[in-house]
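Structure file model_8.txt (compact mmCIF, N, CA and C atoms) is printed below.
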```
# COMPACT_ATOMS: atom_id res chain seq x y z
N ASP A 1 44.85 -35.31 184.75
CA ASP A 1 45.88 -35.53 183.75
C ASP A 1 46.49 -36.92 183.92
N ALA A 2 47.08 -37.42 182.85
CA ALA A 2 47.73 -38.73 182.87
C ALA A 2 49.16 -38.59 182.37
N GLY A 3 50.08 -39.30 183.00
CA GLY A 3 51.48 -39.27 182.60
C GLY A 3 52.19 -40.48 183.16
N ILE A 4 53.53 -40.48 183.08
CA ILE A 4 54.32 -41.56 183.66
C ILE A 4 55.27 -41.06 184.73
N GLY A 5 55.29 -39.76 185.00
CA GLY A 5 56.25 -39.19 185.95
C GLY A 5 55.63 -38.89 187.29
N THR A 6 55.66 -37.63 187.65
CA THR A 6 55.22 -37.17 188.96
C THR A 6 53.87 -37.75 189.37
N SER A 7 53.80 -38.28 190.56
CA SER A 7 52.59 -38.79 191.21
C SER A 7 52.05 -40.10 190.65
N ILE A 8 52.70 -40.69 189.66
CA ILE A 8 52.18 -41.93 189.08
C ILE A 8 53.28 -42.94 188.78
N ASP A 9 54.54 -42.53 188.82
CA ASP A 9 55.65 -43.39 188.43
C ASP A 9 55.66 -44.72 189.18
N SER A 10 55.46 -44.69 190.47
CA SER A 10 55.50 -45.92 191.26
C SER A 10 54.36 -46.87 190.93
N PHE A 11 53.24 -46.34 190.49
CA PHE A 11 52.10 -47.19 190.12
C PHE A 11 52.52 -48.20 189.06
N TYR A 12 53.11 -47.70 187.98
CA TYR A 12 53.54 -48.58 186.89
C TYR A 12 54.63 -49.54 187.38
N GLU A 13 55.62 -48.97 188.04
CA GLU A 13 56.78 -49.75 188.45
C GLU A 13 56.39 -50.89 189.39
N TYR A 14 55.58 -50.59 190.39
CA TYR A 14 55.25 -51.60 191.38
C TYR A 14 54.25 -52.64 190.88
N LEU A 15 53.44 -52.29 189.91
CA LEU A 15 52.54 -53.30 189.34
C LEU A 15 53.33 -54.44 188.71
N LEU A 16 54.29 -54.09 187.87
CA LEU A 16 55.08 -55.14 187.21
C LEU A 16 55.93 -55.89 188.23
N LYS A 17 56.55 -55.16 189.14
CA LYS A 17 57.40 -55.82 190.13
C LYS A 17 56.58 -56.69 191.09
N ALA A 18 55.36 -56.28 191.41
CA ALA A 18 54.50 -57.11 192.26
C ALA A 18 54.17 -58.42 191.56
N TYR A 19 53.90 -58.35 190.26
CA TYR A 19 53.64 -59.58 189.51
C TYR A 19 54.87 -60.49 189.54
N LEU A 20 56.05 -59.91 189.29
CA LEU A 20 57.27 -60.71 189.26
C LEU A 20 57.59 -61.31 190.63
N LEU A 21 57.29 -60.58 191.69
CA LEU A 21 57.59 -61.05 193.04
C LEU A 21 56.57 -62.07 193.54
N PHE A 22 55.29 -61.78 193.34
CA PHE A 22 54.24 -62.62 193.92
C PHE A 22 53.60 -63.59 192.93
N GLY A 23 53.77 -63.35 191.63
CA GLY A 23 53.20 -64.23 190.63
C GLY A 23 51.70 -64.09 190.44
N ASP A 24 51.11 -63.07 191.02
CA ASP A 24 49.66 -62.86 190.90
C ASP A 24 49.38 -62.21 189.55
N GLU A 25 48.70 -62.93 188.68
CA GLU A 25 48.47 -62.45 187.32
C GLU A 25 47.58 -61.22 187.25
N GLU A 26 46.84 -60.92 188.29
CA GLU A 26 46.03 -59.70 188.30
C GLU A 26 46.93 -58.46 188.21
N TYR A 27 48.08 -58.50 188.89
CA TYR A 27 49.03 -57.39 188.80
C TYR A 27 49.53 -57.23 187.36
N LEU A 28 49.82 -58.35 186.72
CA LEU A 28 50.29 -58.31 185.34
C LEU A 28 49.22 -57.76 184.42
N TYR A 29 47.99 -58.19 184.60
CA TYR A 29 46.89 -57.72 183.76
C TYR A 29 46.72 -56.20 183.90
N ILE A 30 46.72 -55.71 185.13
CA ILE A 30 46.56 -54.27 185.36
C ILE A 30 47.74 -53.52 184.76
N PHE A 31 48.96 -54.06 184.94
CA PHE A 31 50.13 -53.42 184.35
C PHE A 31 50.00 -53.36 182.83
N GLN A 32 49.64 -54.46 182.21
CA GLN A 32 49.54 -54.50 180.75
C GLN A 32 48.51 -53.51 180.23
N GLU A 33 47.38 -53.40 180.92
CA GLU A 33 46.36 -52.43 180.51
C GLU A 33 46.88 -51.00 180.65
N ALA A 34 47.50 -50.70 181.78
CA ALA A 34 48.02 -49.35 182.03
C ALA A 34 49.17 -49.03 181.07
N TYR A 35 50.05 -49.99 180.85
CA TYR A 35 51.19 -49.78 179.96
C TYR A 35 50.71 -49.56 178.53
N SER A 36 49.76 -50.35 178.09
CA SER A 36 49.21 -50.20 176.75
C SER A 36 48.60 -48.81 176.56
N ALA A 37 47.86 -48.35 177.56
CA ALA A 37 47.26 -47.01 177.49
C ALA A 37 48.34 -45.93 177.48
N ALA A 38 49.38 -46.11 178.28
CA ALA A 38 50.47 -45.13 178.31
C ALA A 38 51.15 -45.05 176.95
N MET A 39 51.40 -46.19 176.36
CA MET A 39 52.07 -46.20 175.06
C MET A 39 51.17 -45.61 173.97
N HIS A 40 49.88 -45.79 174.10
CA HIS A 40 48.95 -45.27 173.09
C HIS A 40 48.74 -43.76 173.23
N TYR A 41 48.53 -43.29 174.44
CA TYR A 41 48.15 -41.90 174.65
C TYR A 41 49.29 -40.97 175.04
N LEU A 42 50.33 -41.49 175.68
CA LEU A 42 51.38 -40.63 176.22
C LEU A 42 52.66 -40.63 175.39
N TYR A 43 52.87 -41.66 174.62
CA TYR A 43 54.13 -41.84 173.90
C TYR A 43 54.14 -41.03 172.62
N HIS A 44 55.09 -40.13 172.55
CA HIS A 44 55.36 -39.36 171.34
C HIS A 44 56.84 -39.60 171.06
N ASP A 45 57.10 -40.68 170.38
CA ASP A 45 58.43 -41.25 170.18
C ASP A 45 59.51 -40.19 170.01
N PRO A 46 60.49 -40.16 170.89
CA PRO A 46 60.81 -41.07 171.98
C PRO A 46 60.37 -40.56 173.36
N TRP A 47 59.58 -39.51 173.41
CA TRP A 47 59.21 -38.85 174.66
C TRP A 47 57.83 -39.29 175.15
N TYR A 48 57.54 -38.95 176.39
CA TYR A 48 56.22 -39.17 177.01
C TYR A 48 55.72 -37.84 177.53
N VAL A 49 54.48 -37.54 177.27
CA VAL A 49 53.88 -36.27 177.68
C VAL A 49 52.73 -36.55 178.64
N GLU A 50 52.23 -35.50 179.27
CA GLU A 50 51.03 -35.62 180.08
C GLU A 50 49.85 -35.15 179.25
N VAL A 51 48.76 -35.90 179.35
CA VAL A 51 47.57 -35.60 178.56
C VAL A 51 46.35 -35.46 179.46
N ASN A 52 45.33 -34.79 178.93
CA ASN A 52 44.06 -34.67 179.61
C ASN A 52 43.37 -36.04 179.62
N MET A 53 42.84 -36.42 180.77
CA MET A 53 42.22 -37.74 180.91
C MET A 53 40.97 -37.92 180.05
N ASP A 54 40.28 -36.83 179.75
CA ASP A 54 39.04 -36.92 178.97
C ASP A 54 39.27 -36.81 177.47
N SER A 55 40.14 -35.89 177.08
CA SER A 55 40.30 -35.61 175.65
C SER A 55 41.58 -36.17 175.04
N ALA A 56 42.53 -36.58 175.88
CA ALA A 56 43.86 -37.03 175.45
C ALA A 56 44.68 -35.91 174.82
N ALA A 57 44.24 -34.67 174.97
CA ALA A 57 45.02 -33.53 174.48
C ALA A 57 46.24 -33.33 175.37
N ILE A 58 47.36 -32.99 174.75
CA ILE A 58 48.58 -32.75 175.51
C ILE A 58 48.39 -31.52 176.39
N VAL A 59 48.65 -31.69 177.68
CA VAL A 59 48.55 -30.57 178.61
C VAL A 59 49.91 -30.17 179.18
N TRP A 60 50.88 -31.05 179.05
CA TRP A 60 52.19 -30.76 179.63
C TRP A 60 53.25 -31.49 178.81
N PRO A 61 53.86 -30.81 177.83
CA PRO A 61 54.89 -31.45 177.01
C PRO A 61 56.24 -31.40 177.71
N LEU A 62 56.39 -32.22 178.74
CA LEU A 62 57.56 -32.11 179.61
C LEU A 62 58.19 -33.46 179.87
N PHE A 63 59.52 -33.52 179.73
CA PHE A 63 60.27 -34.66 180.25
C PHE A 63 60.50 -34.35 181.72
N ASN A 64 59.96 -35.18 182.57
CA ASN A 64 60.06 -35.00 184.01
C ASN A 64 61.11 -35.97 184.54
N SER A 65 61.97 -35.52 185.45
CA SER A 65 63.04 -36.39 185.95
C SER A 65 62.51 -37.68 186.57
N LEU A 66 61.28 -37.68 187.04
CA LEU A 66 60.70 -38.89 187.62
C LEU A 66 60.29 -39.91 186.55
N GLN A 67 60.45 -39.55 185.28
CA GLN A 67 60.20 -40.50 184.19
C GLN A 67 61.42 -41.38 183.92
N ALA A 68 62.54 -41.08 184.57
CA ALA A 68 63.80 -41.75 184.25
C ALA A 68 63.75 -43.26 184.46
N PHE A 69 62.85 -43.75 185.29
CA PHE A 69 62.73 -45.18 185.53
C PHE A 69 62.15 -45.93 184.33
N TRP A 70 61.44 -45.21 183.46
CA TRP A 70 60.60 -45.84 182.44
C TRP A 70 61.35 -46.77 181.49
N PRO A 71 62.48 -46.35 180.89
CA PRO A 71 63.17 -47.28 179.99
C PRO A 71 63.58 -48.59 180.68
N GLY A 72 63.99 -48.52 181.93
CA GLY A 72 64.33 -49.74 182.67
C GLY A 72 63.12 -50.63 182.86
N LEU A 73 61.99 -50.02 183.15
CA LEU A 73 60.75 -50.78 183.30
C LEU A 73 60.36 -51.42 181.97
N GLN A 74 60.56 -50.69 180.88
CA GLN A 74 60.24 -51.24 179.56
C GLN A 74 61.11 -52.46 179.26
N VAL A 75 62.38 -52.39 179.61
CA VAL A 75 63.26 -53.54 179.41
C VAL A 75 62.77 -54.71 180.24
N LEU A 76 62.42 -54.45 181.50
CA LEU A 76 61.91 -55.50 182.38
C LEU A 76 60.65 -56.14 181.80
N ALA A 77 59.83 -55.32 181.12
CA ALA A 77 58.60 -55.81 180.50
C ALA A 77 58.84 -56.43 179.12
N GLY A 78 60.06 -56.32 178.61
CA GLY A 78 60.39 -56.91 177.32
C GLY A 78 60.15 -56.02 176.11
N ASP A 79 59.88 -54.74 176.35
CA ASP A 79 59.63 -53.79 175.25
C ASP A 79 60.91 -53.00 174.98
N ILE A 80 61.85 -53.63 174.32
CA ILE A 80 63.22 -53.15 174.22
C ILE A 80 63.39 -51.94 173.30
N ASN A 81 62.83 -51.97 172.10
CA ASN A 81 63.10 -50.89 171.13
C ASN A 81 62.65 -49.51 171.60
N PRO A 82 61.43 -49.33 172.11
CA PRO A 82 61.09 -48.00 172.62
C PRO A 82 61.94 -47.62 173.83
N ALA A 83 62.35 -48.61 174.62
CA ALA A 83 63.21 -48.33 175.77
C ALA A 83 64.54 -47.75 175.32
N ILE A 84 65.10 -48.30 174.27
CA ILE A 84 66.38 -47.81 173.75
C ILE A 84 66.23 -46.37 173.26
N ARG A 85 65.18 -46.09 172.50
CA ARG A 85 64.98 -44.73 171.97
C ARG A 85 64.73 -43.72 173.09
N THR A 86 63.91 -44.11 174.06
CA THR A 86 63.61 -43.19 175.16
C THR A 86 64.83 -42.96 176.03
N HIS A 87 65.58 -44.02 176.32
CA HIS A 87 66.79 -43.86 177.11
C HIS A 87 67.77 -42.92 176.41
N ALA A 88 67.91 -43.07 175.10
CA ALA A 88 68.81 -42.19 174.34
C ALA A 88 68.34 -40.74 174.42
N ALA A 89 67.04 -40.51 174.36
CA ALA A 89 66.50 -39.15 174.47
C ALA A 89 66.76 -38.57 175.85
N PHE A 90 66.49 -39.36 176.89
CA PHE A 90 66.74 -38.89 178.25
C PHE A 90 68.22 -38.60 178.45
N LEU A 91 69.07 -39.47 177.94
CA LEU A 91 70.52 -39.28 178.05
C LEU A 91 70.96 -38.02 177.32
N SER A 92 70.32 -37.69 176.21
CA SER A 92 70.69 -36.47 175.47
C SER A 92 70.45 -35.22 176.31
N VAL A 93 69.40 -35.22 177.11
CA VAL A 93 69.14 -34.08 178.00
C VAL A 93 70.21 -34.03 179.08
N TRP A 94 70.54 -35.17 179.64
CA TRP A 94 71.59 -35.23 180.67
C TRP A 94 72.92 -34.73 180.11
N ARG A 95 73.26 -35.16 178.91
CA ARG A 95 74.52 -34.72 178.30
C ARG A 95 74.51 -33.22 178.00
N ARG A 96 73.38 -32.72 177.58
CA ARG A 96 73.28 -31.29 177.24
C ARG A 96 73.52 -30.41 178.46
N TYR A 97 73.00 -30.82 179.62
CA TYR A 97 73.08 -29.98 180.81
C TYR A 97 74.05 -30.49 181.87
N GLY A 98 74.53 -31.70 181.73
CA GLY A 98 75.42 -32.26 182.72
C GLY A 98 74.69 -32.79 183.94
N PHE A 99 73.38 -32.81 183.89
CA PHE A 99 72.53 -33.32 184.95
C PHE A 99 71.14 -33.55 184.37
N THR A 100 70.30 -34.21 185.12
CA THR A 100 68.92 -34.38 184.69
C THR A 100 68.08 -33.31 185.36
N PRO A 101 67.59 -32.34 184.61
CA PRO A 101 66.76 -31.30 185.22
C PRO A 101 65.44 -31.88 185.72
N GLU A 102 64.85 -31.19 186.66
CA GLU A 102 63.55 -31.62 187.19
C GLU A 102 62.55 -31.75 186.05
N GLY A 103 62.61 -30.82 185.12
CA GLY A 103 61.75 -30.87 183.95
C GLY A 103 62.44 -30.27 182.75
N PHE A 104 62.14 -30.81 181.58
CA PHE A 104 62.67 -30.30 180.32
C PHE A 104 61.49 -30.15 179.38
N ASN A 105 61.18 -28.91 179.03
CA ASN A 105 60.03 -28.62 178.18
C ASN A 105 60.32 -29.05 176.75
N LEU A 106 59.53 -29.96 176.24
CA LEU A 106 59.75 -30.50 174.90
C LEU A 106 59.31 -29.55 173.80
N ALA A 107 58.45 -28.59 174.13
CA ALA A 107 58.00 -27.62 173.13
C ALA A 107 59.02 -26.51 172.95
N SER A 108 59.56 -26.01 174.06
CA SER A 108 60.51 -24.89 173.99
C SER A 108 61.96 -25.33 174.10
N LEU A 109 62.18 -26.61 174.41
CA LEU A 109 63.52 -27.17 174.60
C LEU A 109 64.30 -26.41 175.67
N THR A 110 63.62 -26.10 176.77
CA THR A 110 64.23 -25.37 177.88
C THR A 110 64.01 -26.13 179.19
N VAL A 111 64.88 -25.84 180.15
CA VAL A 111 64.78 -26.44 181.48
C VAL A 111 63.62 -25.82 182.23
N GLN A 112 62.87 -26.65 182.93
CA GLN A 112 61.75 -26.21 183.76
C GLN A 112 62.07 -26.54 185.22
N GLY A 113 63.06 -25.90 185.80
CA GLY A 113 63.40 -26.12 187.20
C GLY A 113 64.39 -27.25 187.38
N TYR A 114 64.95 -27.32 188.56
CA TYR A 114 65.90 -28.35 188.91
C TYR A 114 65.67 -28.75 190.35
N ILE A 115 65.68 -30.03 190.62
CA ILE A 115 65.31 -30.54 191.93
C ILE A 115 66.19 -30.01 193.06
N LEU A 116 67.44 -29.67 192.80
CA LEU A 116 68.34 -29.15 193.83
C LEU A 116 68.41 -27.63 193.83
N GLU A 117 67.51 -27.03 193.12
CA GLU A 117 67.48 -25.57 193.01
C GLU A 117 67.25 -24.94 194.39
N VAL A 118 68.05 -23.94 194.71
CA VAL A 118 67.93 -23.23 195.98
C VAL A 118 67.17 -21.95 195.74
N THR A 119 66.17 -21.68 196.58
CA THR A 119 65.39 -20.45 196.41
C THR A 119 65.76 -19.43 197.44
```

Please re-express this file's structure in C-alpha cells.
Amino acid sequence: DAGIGTSIDSFYEYLLKAYLLFGDEEYLYIFQEAYSAAMHYLYHDPWYVEVNMDSAAIVWPLFNSLQAFWPGLQVLAGDINPAIRTHAAFLSVWRRYGFTPEGFNLASLTVQGYILEVT
C-alpha cells in the first residue's frame, strides 16, 4: 500500500529537508517524484488516502494522525493552496473531537482509535 502517514511520513519529510540542508539535487528530484505521485494517486481533495501499489484502488480511506506533518511540508515545498485546504480539513477533525484521533475514517466519518487509548 502507499500513503503519506504511518511507516512513510519521514520518507517525504526528510527528502525535502535533506535537499534544503545539504543542497544535493538528487534528494530534491526524488522528493519531487514521490510528491507528484502522492498528489496524483493519494490526494482526494482535501484528504489523503492509502491506495494499492498495483491498482491505485483505495484500500484505507483514513486520515491518520501521522499525516499531520503534510500541510507544513507542502508549504515548505511551495504548494500552498492544497496545504491550506488539507490543514483546514485536519483542523476540522481536531475541532470536532478536541484532539487528533489516531485515525479518522473518511468513509464512515468515525474515529478509528486514539494513540493514548488505554486497553

(request) Please give the complete set of residues from chain A that DSSP, run on the backbone, assigns to strand (DSSP E or B), formatted as an MDAnalysis selection string. (result) chainID A and resid 2 43:44 47:48 50:51 58:60 62:64 103:105 110:111

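The smallest atom-to-atom distance between Glu102 in chain A and any of A:Tyr35, A:Trp70, A:Tyr27, A:Phe63, using only N, CA and C atoms, is found for A:Phe63.
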
(message) Give me, as a PyMOL selection string, the residues of chain A that a backbone DSSP run labels alpha helix (DSSP H).
(response) chain A and resi 9-22+25-41+70-77+80-97

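Each of A:Ile30, A:Asn52, A:Gly23, A:Lys17 was compared to Ala2 in chain A using only C-alpha atoms, and A:Asn52 turns out to be the nearest.
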
Set the distance at 8 Å and use all atoms listed in the file: which residues neighbour Gly113 in chain A once local chain neighbours fewer than 6 positions away are removed? I'd like the list as a PDB file with N, CA and C atoms, in the coordinates of the input.
```pdb
ATOM      1  N   THR A 100      70.300 -34.210 185.120  1.00  0.00           N
ATOM      2  CA  THR A 100      68.920 -34.380 184.690  1.00  0.00           C
ATOM      3  C   THR A 100      68.080 -33.310 185.360  1.00  0.00           C
ATOM      4  N   PRO A 101      67.590 -32.340 184.610  1.00  0.00           N
ATOM      5  CA  PRO A 101      66.760 -31.300 185.220  1.00  0.00           C
ATOM      6  C   PRO A 101      65.440 -31.880 185.720  1.00  0.00           C
ATOM      7  N   GLU A 102      64.850 -31.190 186.660  1.00  0.00           N
ATOM      8  CA  GLU A 102      63.550 -31.620 187.190  1.00  0.00           C
ATOM      9  C   GLU A 102      62.550 -31.750 186.050  1.00  0.00           C
ATOM     10  N   GLY A 103      62.610 -30.820 185.120  1.00  0.00           N
ATOM     11  CA  GLY A 103      61.750 -30.870 183.950  1.00  0.00           C
ATOM     12  C   GLY A 103      62.440 -30.270 182.750  1.00  0.00           C
ATOM     13  N   PHE A 104      62.140 -30.810 181.580  1.00  0.00           N
ATOM     14  CA  PHE A 104      62.670 -30.300 180.320  1.00  0.00           C
ATOM     15  C   PHE A 104      61.490 -30.150 179.380  1.00  0.00           C
ATOM     16  N   ASN A 105      61.180 -28.910 179.030  1.00  0.00           N
ATOM     17  CA  ASN A 105      60.030 -28.620 178.180  1.00  0.00           C
ATOM     18  C   ASN A 105      60.320 -29.050 176.750  1.00  0.00           C
TER      19      ASN A 105
END
```

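Comparing A:Ala68, A:Ile80, A:Val111, A:Ala38 by their smallest distance to Ala56 in chain A, the closest is A:Ala38 (using only C-alpha atoms).
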
(request) May I ask for the distance between atom C of Ser7 in chain A and CA of Ser55 in chain A, given in Å to one decimal place? (result) 19.6 Å

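Note that the spacing between CA of Asp1 in chain A and CA of Ala34 in chain A amounts to 14.1 Å.
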
Determine, using all atoms listed in the file, which residues of range 30-119 of chain A have any atom at most 8 Å from an atom of range 13-16 of chain A, and tabulate each with its shortest atom pair and distance in Å to one decimal place, rows ordered by chain and then rising number, as CSV.
```
residue,atom,partner,partner_atom,distance
A:Ile30,C,A:Leu15,CA,6.6
A:Phe31,CA,A:Leu16,N,5.5
A:Gln32,N,A:Leu16,N,7.3
A:Phe69,C,A:Glu13,CA,7.8
A:Leu73,CA,A:Glu13,CA,6.6
A:Leu76,C,A:Leu16,CA,7.8
A:Ala77,CA,A:Leu16,CA,7.6
```

Output N, CA and C atoms of each residue in that selection to a file, as an mmCIF file, keeping the file's coordinate frame.
```cif
data_model
loop_
_atom_site.group_PDB
_atom_site.id
_atom_site.type_symbol
_atom_site.label_atom_id
_atom_site.label_comp_id
_atom_site.auth_asym_id
_atom_site.auth_seq_id
_atom_site.Cartn_x
_atom_site.Cartn_y
_atom_site.Cartn_z
ATOM 1 N N ILE A 30 46.720 -55.710 185.130
ATOM 2 C CA ILE A 30 46.560 -54.270 185.360
ATOM 3 C C ILE A 30 47.740 -53.520 184.760
ATOM 4 N N PHE A 31 48.960 -54.060 184.940
ATOM 5 C CA PHE A 31 50.130 -53.420 184.350
ATOM 6 C C PHE A 31 50.000 -53.360 182.830
ATOM 7 N N GLN A 32 49.640 -54.460 182.210
ATOM 8 C CA GLN A 32 49.540 -54.500 180.750
ATOM 9 C C GLN A 32 48.510 -53.510 180.230
ATOM 10 N N PHE A 69 62.850 -43.750 185.290
ATOM 11 C CA PHE A 69 62.730 -45.180 185.530
ATOM 12 C C PHE A 69 62.150 -45.930 184.330
ATOM 13 N N LEU A 73 61.990 -50.020 183.150
ATOM 14 C CA LEU A 73 60.750 -50.780 183.300
ATOM 15 C C LEU A 73 60.360 -51.420 181.970
ATOM 16 N N LEU A 76 62.420 -54.450 181.500
ATOM 17 C CA LEU A 76 61.910 -55.500 182.380
ATOM 18 C C LEU A 76 60.650 -56.140 181.800
ATOM 19 N N ALA A 77 59.830 -55.320 181.120
ATOM 20 C CA ALA A 77 58.600 -55.810 180.500
ATOM 21 C C ALA A 77 58.840 -56.430 179.120
#
```

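Between Trp47 in chain A and the candidates A:Ala107, A:Ala89, A:Ile8, A:Val75, the tightest atom-to-atom separation, counting all atoms listed in the file, involves A:Ala89.
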
(request) State, in Å with one decimal place, the distance from CA of Ala83 in chain A to atom N of Pro71 in chain A. (result) 5.5 Å

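Residues in contact with Leu106 in chain A at up to 7 Å, not including ones fewer than 5 positions away on its chain and judged by all atoms listed in the file, are Trp60, Pro61, Leu62 and Phe63 of chain A.
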
(request) Give me the residues within 7 Å of Asp9 in chain A as a ChimeraX atom specification, counting only N, CA and C atoms and dropping any in the same chain fewer than 5 places off. (result) /A:3-4,14,66-67
